[in-house]
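Enquirer: So here's structure_38.cif (mmCIF, C-alpha atoms).
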```cif
data_coords
loop_
_atom_site.label_atom_id
_atom_site.label_comp_id
_atom_site.auth_asym_id
_atom_site.auth_seq_id
_atom_site.Cartn_x
_atom_site.Cartn_y
_atom_site.Cartn_z
CA ILE A 1 -50.97 29.05 -8.63
CA PRO A 2 -48.13 28.58 -6.11
CA VAL A 3 -47.99 31.27 -3.43
CA ARG A 4 -45.19 31.82 -0.91
CA LEU A 5 -45.01 34.15 2.10
CA ASP A 6 -41.62 35.23 3.49
CA VAL A 7 -41.38 37.22 6.74
CA LEU A 8 -38.18 38.42 8.42
CA TYR A 9 -38.17 40.27 11.76
CA LEU A 10 -35.09 41.50 13.64
CA ASP A 11 -34.78 43.40 16.91
CA GLY A 12 -31.61 44.38 18.72
CA LYS A 13 -29.91 46.81 21.08
CA THR A 14 -26.28 47.97 21.07
CA ASP A 15 -24.34 50.09 23.58
CA MET A 16 -21.98 52.60 21.97
CA VAL A 17 -19.05 54.39 23.64
CA PHE A 18 -17.18 57.06 21.67
CA PRO A 19 -13.40 57.44 21.97
CA GLN A 20 -13.64 61.23 21.77
CA ASP A 21 -15.76 61.18 24.94
CA THR A 22 -15.60 57.87 26.83
CA THR A 23 -18.10 59.13 29.40
CA LEU A 24 -20.81 59.31 26.72
CA LEU A 25 -22.86 56.11 26.56
CA ILE A 26 -25.46 55.85 23.82
CA GLN A 27 -27.77 52.92 23.16
CA ARG A 28 -28.91 52.08 19.62
CA ASN A 29 -32.20 50.21 19.22
CA ASN A 30 -32.92 48.61 15.84
CA THR A 31 -36.07 46.94 14.54
CA PHE A 32 -36.56 45.54 11.05
CA LEU A 33 -39.53 43.83 9.40
CA ASP A 34 -39.70 42.56 5.83
CA ALA A 35 -42.65 40.69 4.32
CA ALA A 36 -43.08 39.48 0.75
CA ILE A 37 -45.74 37.49 -1.10
CA THR A 38 -44.56 35.69 -4.25
CA THR A 39 -46.84 34.04 -6.78
CA GLY A 40 -46.18 32.52 -10.18
CA ASN A 41 -43.91 29.89 -11.68
CA ALA A 42 -40.38 29.53 -13.05
CA HIS A 43 -41.19 31.69 -16.09
CA ASN A 44 -43.48 34.38 -14.70
CA SER A 45 -43.75 35.69 -11.15
CA VAL A 46 -45.11 38.65 -9.21
CA ILE A 47 -43.76 39.81 -5.84
CA LEU A 48 -45.50 42.21 -3.44
CA PHE A 49 -43.23 43.40 -0.65
CA HIS A 50 -43.26 45.71 2.36
CA THR A 51 -40.37 46.74 4.60
CA ARG A 52 -40.40 48.70 7.87
CA MET A 53 -37.27 49.74 9.74
CA SER A 54 -36.55 51.89 12.77
CA THR A 55 -33.38 53.04 14.51
CA GLU A 56 -33.47 54.99 17.77
CA PHE A 57 -30.54 56.39 19.74
CA THR A 58 -31.02 57.08 23.46
CA ASP A 59 -28.68 58.61 26.00
CA SER A 60 -27.48 57.17 29.31
CA LEU A 61 -30.79 58.21 30.91
CA SER A 62 -32.77 56.38 28.19
CA LEU A 63 -33.99 59.70 26.80
CA PRO A 64 -34.46 59.75 23.01
CA MET A 65 -31.78 61.58 21.00
CA TYR A 66 -32.11 60.62 17.34
CA GLU A 67 -34.66 58.50 15.51
CA HIS A 68 -34.88 57.25 11.94
CA THR A 69 -37.83 55.33 10.46
CA GLY A 70 -38.44 53.98 7.00
CA ARG A 71 -41.26 52.31 5.09
CA ILE A 72 -41.11 50.72 1.64
CA PHE A 73 -44.05 49.47 -0.43
CA GLY A 74 -43.33 47.81 -3.74
CA CYS A 75 -44.12 45.39 -6.51
CA GLU A 76 -41.84 43.43 -8.81
CA THR A 77 -42.57 41.30 -11.88
CA ARG A 78 -40.20 38.84 -13.54
CA HIS A 79 -40.53 37.07 -16.89
CA CYS A 80 -38.27 34.52 -18.61
CA TYR A 81 -38.95 33.12 -22.09
CA PRO A 82 -37.22 31.90 -25.31
CA VAL A 83 -37.36 34.04 -28.46
CA LEU A 84 -35.98 32.77 -31.81
CA GLY A 85 -33.26 30.72 -30.16
CA PHE A 86 -32.39 33.42 -27.61
CA HIS A 87 -33.07 33.18 -23.89
CA SER A 88 -34.48 36.46 -22.64
CA SER A 89 -35.71 37.78 -19.32
CA ASN A 90 -36.99 41.07 -17.98
CA ARG A 91 -37.75 42.60 -14.62
CA LEU A 92 -39.85 45.59 -13.60
CA ARG A 93 -39.77 46.95 -10.04
CA ALA A 94 -41.57 49.95 -8.53
CA ALA A 95 -41.07 51.09 -4.94
CA LEU A 96 -42.54 53.84 -2.78
CA ARG A 97 -40.10 54.82 -0.03
CA PHE A 98 -40.83 57.04 2.97
CA PHE A 99 -38.03 57.98 5.38
CA GLU A 100 -38.42 60.19 8.45
CA SER A 101 -35.60 61.38 10.69
CA ASN A 102 -35.11 64.13 13.24
CA VAL A 103 -31.53 64.31 11.96
CA TYR A 104 -31.68 64.53 8.17
CA GLY A 105 -35.38 65.28 7.67
CA SER A 106 -38.03 63.66 5.50
CA HIS A 107 -37.24 61.98 2.20
CA GLU A 108 -39.34 60.11 -0.34
CA PRO A 109 -36.88 58.55 -2.82
CA HIS A 110 -39.45 56.67 -4.93
CA SER A 111 -38.12 54.84 -7.96
CA VAL A 112 -38.99 52.65 -10.92
CA GLU A 113 -36.43 50.16 -12.18
CA ALA A 114 -36.42 48.00 -15.31
CA GLY A 115 -33.96 45.37 -16.45
CA PHE A 116 -33.60 43.25 -19.57
CA SER A 117 -31.18 40.49 -20.52
CA ILE A 118 -30.73 38.29 -23.57
CA ALA A 119 -28.37 35.37 -24.20
CA ARG A 120 -27.53 33.07 -27.10
CA SER A 121 -25.57 29.82 -27.02
CA LEU A 122 -23.41 28.83 -30.01
CA GLY A 123 -21.85 25.44 -29.35
CA CYS A 124 -19.48 25.84 -26.39
CA PHE A 125 -19.80 29.64 -26.51
CA THR A 126 -22.46 31.81 -24.88
CA LEU A 127 -22.91 35.52 -25.53
CA SER A 128 -25.14 37.67 -23.35
CA THR A 129 -25.98 41.27 -22.65
CA ARG A 130 -27.83 42.93 -19.79
CA ALA A 131 -29.24 46.44 -19.50
CA GLY A 132 -30.76 48.33 -16.59
CA PHE A 133 -32.72 51.56 -16.28
CA GLU A 134 -33.85 53.55 -13.23
CA LEU A 135 -36.11 56.59 -12.88
CA ASP A 136 -36.05 58.40 -9.51
CA ASP A 137 -38.52 60.75 -7.84
CA GLN A 138 -36.74 63.80 -9.36
CA ARG A 139 -37.19 62.34 -12.87
CA HIS A 140 -33.47 61.70 -13.18
CA THR A 141 -32.56 58.59 -15.15
CA TYR A 142 -29.67 56.16 -14.64
CA GLN A 143 -28.49 53.42 -16.96
CA SER A 144 -26.29 50.34 -16.70
CA LEU A 145 -25.08 47.98 -19.42
CA ARG A 146 -23.02 44.77 -19.38
CA GLY A 147 -21.86 42.40 -22.10
CA GLU A 148 -20.36 38.97 -21.39
CA GLY A 149 -18.90 36.07 -23.32
CA ARG A 150 -18.39 32.53 -21.99
CA MET A 151 -16.58 29.46 -23.26
CA ARG A 152 -17.48 26.09 -21.74
CA LEU A 153 -14.46 24.02 -20.74
CA PHE A 154 -16.44 21.07 -19.38
CA ASP A 155 -19.78 20.54 -17.64
CA GLY A 156 -20.58 23.54 -15.45
CA THR A 157 -17.15 25.22 -15.80
CA TYR A 158 -16.53 28.28 -17.99
CA LEU A 159 -13.96 30.86 -18.92
CA TYR A 160 -15.56 34.27 -19.21
CA ALA A 161 -14.84 37.91 -19.98
CA ALA A 162 -17.13 40.87 -19.40
CA VAL A 163 -17.20 44.62 -19.88
CA GLY A 164 -19.84 47.08 -18.74
CA ARG A 165 -20.85 50.32 -17.11
CA ASP A 166 -22.87 50.72 -13.90
CA TYR A 167 -23.56 53.40 -11.28
CA GLN A 168 -23.66 54.16 -7.57
CA ARG A 169 -26.10 56.73 -6.19
CA PRO A 170 -25.18 58.55 -2.95
CA SER A 171 -27.25 57.43 0.02
CA ILE A 172 -29.50 59.77 2.00
CA ALA A 173 -26.96 59.83 4.85
CA GLU A 174 -24.05 60.58 2.49
CA ARG A 175 -25.89 63.60 1.08
CA SER A 176 -28.12 64.87 3.88
CA LEU A 177 -26.47 64.04 7.20
CA PRO A 178 -25.85 67.26 9.19
CA ASP A 179 -22.96 67.77 11.60
CA ILE A 180 -24.22 65.73 14.60
CA PRO A 181 -22.66 66.42 18.00
CA SER A 182 -21.00 63.34 19.52
CA PHE A 183 -21.31 61.29 16.31
CA TRP A 184 -18.58 63.08 14.29
CA LEU A 185 -20.38 62.46 11.01
CA ARG A 186 -21.44 64.88 8.27
CA GLY A 187 -22.85 64.43 4.78
CA ASP A 188 -21.93 66.25 1.58
CA THR A 189 -24.78 67.75 -0.45
CA THR A 190 -22.52 68.18 -3.50
CA LEU A 191 -22.13 64.43 -4.07
CA THR A 192 -23.48 63.20 -7.39
CA THR A 193 -24.13 59.78 -8.91
CA ALA A 194 -20.90 57.94 -9.68
CA TYR A 195 -20.36 55.76 -12.74
CA ARG A 196 -17.72 53.10 -13.28
CA ILE A 197 -16.39 51.07 -16.21
CA VAL A 198 -16.15 47.36 -15.37
CA GLN A 199 -13.68 44.93 -16.97
CA GLU A 200 -13.54 41.34 -15.74
CA CYS A 201 -12.20 37.96 -16.83
CA GLY A 202 -11.99 34.70 -15.00
CA LEU A 203 -13.04 31.12 -14.40
CA THR A 204 -16.36 30.08 -12.93
CA GLY A 205 -17.85 26.70 -12.22
CA SER A 206 -19.62 24.54 -9.69
CA GLY A 207 -18.06 25.41 -6.33
CA LEU A 208 -15.19 27.39 -7.88
CA SER A 209 -14.63 30.94 -9.13
CA CYS A 210 -11.66 33.21 -9.81
CA THR A 211 -11.93 36.71 -11.27
CA VAL A 212 -9.39 39.35 -12.24
CA TYR A 213 -11.06 42.76 -12.37
CA LYS A 214 -10.41 46.39 -13.21
CA TYR A 215 -12.85 49.13 -12.20
CA ASP A 216 -12.49 52.73 -13.39
CA TYR A 217 -14.63 55.23 -11.43
CA ASP A 218 -15.40 58.75 -12.54
CA GLN A 219 -16.13 59.36 -8.85
CA PHE A 220 -15.50 56.91 -6.01
CA ILE A 221 -17.43 57.75 -2.82
CA ALA A 222 -15.29 57.17 0.29
CA TRP A 223 -15.63 58.35 3.90
CA GLN A 224 -12.61 60.31 5.09
CA GLN A 225 -11.79 62.23 8.27
CA ASP A 226 -11.34 66.00 8.10
CA ALA A 227 -9.18 68.25 10.30
CA THR A 228 -11.85 68.38 13.04
CA GLY A 229 -12.05 64.57 13.31
CA THR A 230 -15.44 64.44 11.53
CA TYR A 231 -16.06 61.68 8.99
CA VAL A 232 -17.23 63.12 5.66
CA PRO A 233 -17.92 61.31 2.34
CA HIS A 234 -15.77 62.51 -0.55
CA GLY A 235 -16.02 61.86 -4.26
CA LEU A 236 -12.56 60.74 -5.43
CA THR A 237 -12.33 61.50 -9.15
CA ASP A 238 -10.72 59.17 -11.71
CA TRP A 239 -10.24 56.34 -9.22
CA GLN A 240 -9.04 52.93 -10.40
CA THR A 241 -9.15 49.55 -8.64
CA ILE A 242 -7.38 46.41 -9.93
CA GLY A 243 -7.58 43.14 -8.08
CA ILE A 244 -8.29 39.44 -8.00
CA GLU A 245 -10.93 37.56 -6.06
CA GLY A 246 -11.81 33.93 -5.75
CA SER A 247 -13.78 31.34 -3.85
CA GLY A 248 -14.04 27.59 -3.69
CA THR A 249 -16.19 24.97 -1.97
CA ILE A 250 -15.75 21.23 -1.66
CA THR A 251 -18.03 18.66 -0.03
CA VAL A 252 -16.90 15.21 1.09
CA HIS A 253 -19.55 12.62 1.96
CA LEU A 254 -18.66 10.19 4.72
CA GLY A 255 -20.03 6.71 4.15
CA SER A 256 -22.98 5.99 1.89
CA TYR A 257 -25.05 8.89 0.56
CA CYS A 258 -28.72 9.29 -0.19
CA GLU A 259 -30.82 12.41 -0.37
CA ASN A 260 -32.61 11.84 2.94
CA ALA A 261 -29.69 10.51 5.01
CA TYR A 262 -26.06 11.52 4.78
CA THR A 263 -23.03 12.75 6.73
CA ALA A 264 -20.79 15.30 5.06
CA LEU A 265 -17.77 17.52 5.56
CA GLU A 266 -17.80 20.86 3.78
CA PHE A 267 -14.83 23.17 3.27
CA ALA A 268 -14.82 26.62 1.70
CA ALA A 269 -12.43 29.53 1.25
CA TRP A 270 -12.70 32.97 -0.33
CA GLY A 271 -10.49 35.99 -0.66
CA ASN A 272 -9.75 39.28 -2.40
CA HIS A 273 -6.40 40.96 -3.11
CA LEU A 274 -5.93 44.49 -4.47
CA PHE A 275 -3.02 45.32 -6.76
CA SER A 276 -4.08 48.99 -6.82
CA GLY A 277 -6.80 51.04 -5.16
CA ASP A 278 -6.00 50.04 -1.57
CA SER A 279 -4.77 53.48 -0.50
CA ILE A 280 -8.27 54.47 0.60
CA PRO A 281 -8.56 54.53 4.40
CA LEU A 282 -9.88 51.29 5.94
CA ILE A 283 -9.57 49.25 2.72
CA PRO A 284 -7.30 46.21 3.29
CA GLN A 285 -5.05 45.03 0.50
CA THR A 286 -5.94 41.43 1.32
CA HIS A 287 -9.09 40.06 2.90
CA ALA A 288 -9.83 36.34 3.12
CA GLY A 289 -11.98 33.84 4.97
CA PHE A 290 -12.69 30.15 5.32
CA TYR A 291 -15.05 27.73 6.98
CA ALA A 292 -15.23 24.05 7.77
CA ALA A 293 -18.48 22.29 8.64
CA LEU A 294 -19.64 18.82 9.67
CA GLU A 295 -23.28 17.96 8.96
CA ARG A 296 -25.48 14.96 9.70
CA HIS A 297 -28.86 14.84 7.98
CA ILE A 298 -31.68 12.34 8.18
CA ASP A 299 -35.33 12.72 7.29
CA ARG A 300 -36.60 14.16 10.60
CA PHE A 301 -33.37 15.26 12.28
CA GLY A 302 -30.29 17.26 11.39
CA ALA A 303 -27.18 18.59 13.12
CA ARG A 304 -24.47 20.91 11.87
CA ALA A 305 -21.31 22.38 13.41
CA ALA A 306 -19.20 24.99 11.62
CA PHE A 307 -15.97 26.87 12.27
CA ILE A 308 -15.53 30.17 10.40
CA GLY A 309 -12.45 32.38 10.14
CA SER A 310 -11.83 35.84 8.67
CA ILE A 311 -8.44 37.44 7.98
CA SER A 312 -7.82 41.10 7.12
CA SER A 313 -4.40 42.62 6.34
CA ASP A 314 -3.03 45.93 7.64
CA ARG A 315 -4.83 49.03 6.37
CA LEU A 316 -4.37 52.76 6.21
CA GLY A 317 -6.17 54.69 8.91
CA PHE A 318 -7.00 58.34 8.55
CA SER A 319 -4.19 60.87 8.04
CA ASP A 320 -2.14 57.93 6.63
CA ALA A 321 -1.79 56.40 10.11
CA PRO A 322 -1.36 52.59 9.91
CA LEU A 323 -4.15 50.39 11.23
CA ASP A 324 -3.37 46.82 12.24
CA GLY A 325 -4.99 43.89 10.52
CA TYR A 326 -7.14 41.45 12.46
CA ASN A 327 -8.36 37.86 12.53
CA THR A 328 -11.73 36.72 13.83
CA PHE A 329 -13.18 33.26 14.40
CA THR A 330 -16.77 32.10 14.81
CA VAL A 331 -18.43 28.80 15.69
CA VAL A 332 -22.01 27.91 14.79
CA GLY A 333 -24.05 24.91 15.89
CA THR A 334 -27.52 23.96 14.61
CA LEU A 335 -30.02 21.26 15.60
CA ARG A 336 -33.08 20.57 13.46
CA PHE A 337 -36.21 18.61 14.32
CA VAL A 338 -38.44 18.24 11.22
CA THR A 339 -39.05 21.95 10.35
CA LEU A 340 -37.99 23.46 13.70
CA SER A 341 -34.33 24.37 14.14
CA PHE A 342 -32.20 25.94 16.88
CA THR A 343 -28.92 27.72 16.17
CA LEU A 344 -26.26 29.03 18.56
CA ARG A 345 -23.60 31.33 17.10
CA VAL A 346 -20.53 32.54 19.01
CA ASN A 347 -18.85 35.49 17.31
CA ASN A 348 -15.23 36.50 18.02
CA LEU A 349 -14.63 33.16 19.69
CA PHE A 350 -11.26 34.09 21.25
CA ASP A 351 -12.51 37.47 22.52
CA SER A 352 -9.94 39.38 20.42
CA GLY A 353 -9.69 43.14 20.60
CA TYR A 354 -9.44 44.83 17.21
CA GLU A 355 -10.55 47.98 15.40
CA VAL A 356 -12.49 48.12 12.15
CA LEU A 357 -12.61 51.92 12.50
CA PRO A 358 -9.72 53.79 14.16
CA GLU A 359 -10.23 54.06 17.94
CA TYR A 360 -13.58 52.21 17.75
CA GLU A 361 -13.05 48.77 19.24
CA ALA A 362 -15.18 46.12 17.59
CA ALA A 363 -17.50 43.91 19.60
CA ARG A 364 -15.81 41.32 21.78
CA ARG A 365 -17.14 37.78 22.14
CA THR A 366 -20.92 37.66 21.62
CA MET A 367 -23.43 34.81 21.51
CA VAL A 368 -26.59 34.80 19.39
CA PHE A 369 -29.40 32.24 19.55
CA PHE A 370 -31.86 31.70 16.69
CA ILE A 371 -35.09 29.73 16.41
CA ASN A 372 -36.34 29.03 12.90
CA TRP A 373 -39.66 27.38 12.08
CA GLU A 374 -40.64 26.65 8.49
CA PHE A 375 -44.38 26.33 8.84
CA TRP A 376 -45.55 27.05 5.28
CA ASP A 377 -44.17 25.10 2.32
#
```
Show how you would write the structure in this file as C-alpha cells.

Expert:
Amino acid sequence: IPVRLDVLYLDGKTDMVFPQDTTLLIQRNNTFLDAAITTGNAHNSVILFHTRMSTEFTDSLSLPMYEHTGRIFGCETRHCYPVLGFHSSNRLRAALRFFESNVYGSHEPHSVEAGFSIARSLGCFTLSTRAGFELDDQRHTYQSLRGEGRMRLFDGTYLYAAVGRDYQRPSIAERSLPDIPSFWLRGDTTLTTAYRIVQECGLTGSGLSCTVYKYDYDQFIAWQQDATGTYVPHGLTDWQTIGIEGSGTITVHLGSYCENAYTALEFAAWGNHLFSGDSIPLIPQTHAGFYAALERHIDRFGARAAFIGSISSDRLGFSDAPLDGYNTFTVVGTLRFVTLSFTLRVNNLFDSGYEVLPEYEAARRTMVFFINWEFWD
C-alpha cells in the first residue's frame, strides 16, 4: 500500500511598531509544524495529521507579553466510486483541537465533518450536487449544499452555473478576544454563524476561468473601527456582493519539447472586480495580479526565474476615509539539483511604502531563502 509522509515546519520573527504609540516595539515569534501520513490509492485513502502552532509576543526587553498555542490531532478518510452510472465520493474528517492563550483563554473546538458528492454525465452535460455537514463540540450542526450544471464546449472547457448555500463560523479571536492594551483589538461574543446564498455562472477550462458571482449573506463578518480606535468584528446583516473574477495561464515552449528536457515561458494573470459590496473598509473594488516565468528543466537540473506583480485599487479606510491603492512586485529564482532545490525570493522589489491597514505600513523590501529536499518518493 503506498504511504506518503508530508512535513512542513515554519519559524519566523517580526518586529511590530504601532502608530498609536511609535515608542512601543513588540516582537512576534511564530512557529508552525504540520505532519501528515497518507495511505491508500486513487479511490480510497486515509490521512492521519497533526498540527502544532505557537505565537508569542515579547516587549522591547524581550519579556513575554502574550502567548497563543494550538494543537490539532485528526483523521480523514476519502472514498470515490461509481454507482449505477453516477460518480460519487464522500469524505469524513474528525479533529481534536486544543488552544491555549493568556489572552482569550482555553478553547477546545473539536469537530466532525462529513461531505458527499454525486455527479452524472449526459452527453455534453454534467449535473452534480455536493452536501456538507459539521458537528461542533457544543453539538451544534451546520450544513452546506451546492448544485451545479456544466455544458462541455470542447475538450476540457465548460460553461457552468451553480447555486448553493454555505456558512462561515466566527473564529475564536472574533468571539473571544478581550480589549488588549496596545493592540486595539476586541472580539464580539454576540457573533453567530453566518450563512450565504451562492449564485455563480461562468466559463472554466484548462488554464482559463471566468466567473460572475452573487453572494447574499444573512450576516457578513467584517472588522471595523469604533470611536476609540479599537478594531471590532461586526455582523453586517443582509449583505450582498456582486462581482466578476477570472484567471488565465499560458505556456510557450522554446525549441523542442520532451518530458525530461525543455525550456518554457509561462504567463499568468488573475483579477477580481466588485460591482457591489466594496463599501466595506479595506475591500478594494479591483484587485489583480500577474506573473511571468522562464524555466529550464533537464533530468538532473532545473532553473526558474519569475516576476510577480500585484495591483490593488483605492479602498475605503475607517470612518469613510480614503485609502490609497498600491502595487507590489516580487522576483523569485530557483535552482534544482536532482531533488535538492534552493529558492531566493525578494518581496516588494522596489521597496515601496504602502498601507494594507490604515497607519500600519506594510513590510518594505524583504528577502527569503528556502531549501527544499524531496527525500521520500

Enquirer: Select, counting only C-alpha atoms, all protein, DNA and RNA residues no farther than 6 Å from (-44.8, 35.6, -18.0) in file coordinates, and express the selection as JSON, numbers by chain.

Expert: {"A": [43, 44, 79]}

Enquirer: Let me know the centre plus edge lengths, in Å and rounded to one decimal, of a box with edges along x, y and z that contains all listed atoms of range 135-144 of chain A and is padded by 4 Å on every side, as JSON.

Expert:
```
{"center_x": -32.4, "center_y": 57.1, "center_z": -12.4, "size_x": 20.2, "size_y": 21.5, "size_z": 17.1}
```

Enquirer: Could you please determine the separation between CA of Ala264 in chain A and CA of Gly205 in chain A in Å, to one decimal place?

Expert: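 Separating CA of Ala264 in chain A from CA of Gly205 in chain A is a distance of 20.9 Å.
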
Enquirer: Once the PyMOL selection byres ((chain A and resi 257-263) around 10) is applied to the coordinates I shared, what remains selected? I want it as a PyMOL selection string.

Expert: chain A and resi 252-256+264-265+294-304

Enquirer: Which is closer to Val83 in chain A than all the others in A:Asn29, A:Ser54, A:Ser117, A:Thr339, using all atoms listed in the file?

Expert: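 Closest residue, counting all atoms listed in the file: A:Ser117.
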
Enquirer: In Å to one decimal, how far is CA of Tyr231 in chain A from CA of Leu177 in chain A?

Expert: 10.8 Å

Enquirer: Could you pull out every residue with an atom within 12 Å of (-24.8, 57.0, -1.6), file coordinates, counting all atoms listed in the file, and send them as a list in words?

Expert: Tyr167, Gln168, Arg169, Pro170, Ser171, Ile172, Ala173, Glu174, Arg175, Ser176, Leu177, Gly187, Asp188, Thr189, Thr190, Leu191, Thr192, Thr193, Ala194, Gln219, Phe220, Ile221, Ala222, Trp223, Pro233, His234 and Gly235 of chain A

Enquirer: What is the CA of Thr204 in chain A-CA of Ser88 in chain A distance in Å, reported with one decimal?

Expert: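 Atom-to-atom, CA of Thr204 in chain A to CA of Ser88 in chain A, that is 21.5 Å.
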
Enquirer: Closest to Val46 in chain A among A:Ser206, A:Gln199, A:Thr251, A:Thr77, using all atoms listed in the file?

Expert: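 Ranked by minimum distance to Val46 in chain A, first place goes to A:Thr77.
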
Enquirer: Of the residues A:Phe49, A:Phe86, A:Phe329, A:Phe73, which is the one nearest to Ser111 in chain A, using all atoms listed in the file?

Expert: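 Comparing A:Phe49, A:Phe86, A:Phe329, A:Phe73 against Ser111 in chain A, the winner is A:Phe73.
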
Enquirer: Expanded to explicit residues, what is the PyMOL selection byres ((chain A and resi 71) around 8) for this file, as a short mmCIF file (atom, residue, chain, number, x, y, z; two decimals) with C-alpha atoms, in the coordinates of the input?

Expert:
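Result saved to selection32.cif:
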```
data_model
loop_
_atom_site.label_atom_id
_atom_site.label_comp_id
_atom_site.auth_asym_id
_atom_site.auth_seq_id
_atom_site.Cartn_x
_atom_site.Cartn_y
_atom_site.Cartn_z
CA HIS A 50 -43.26 45.71 2.36
CA THR A 51 -40.37 46.74 4.60
CA ARG A 52 -40.40 48.70 7.87
CA MET A 53 -37.27 49.74 9.74
CA THR A 69 -37.83 55.33 10.46
CA GLY A 70 -38.44 53.98 7.00
CA ILE A 72 -41.11 50.72 1.64
CA PHE A 73 -44.05 49.47 -0.43
CA ARG A 97 -40.10 54.82 -0.03
CA PHE A 98 -40.83 57.04 2.97
CA PHE A 99 -38.03 57.98 5.38
#
```
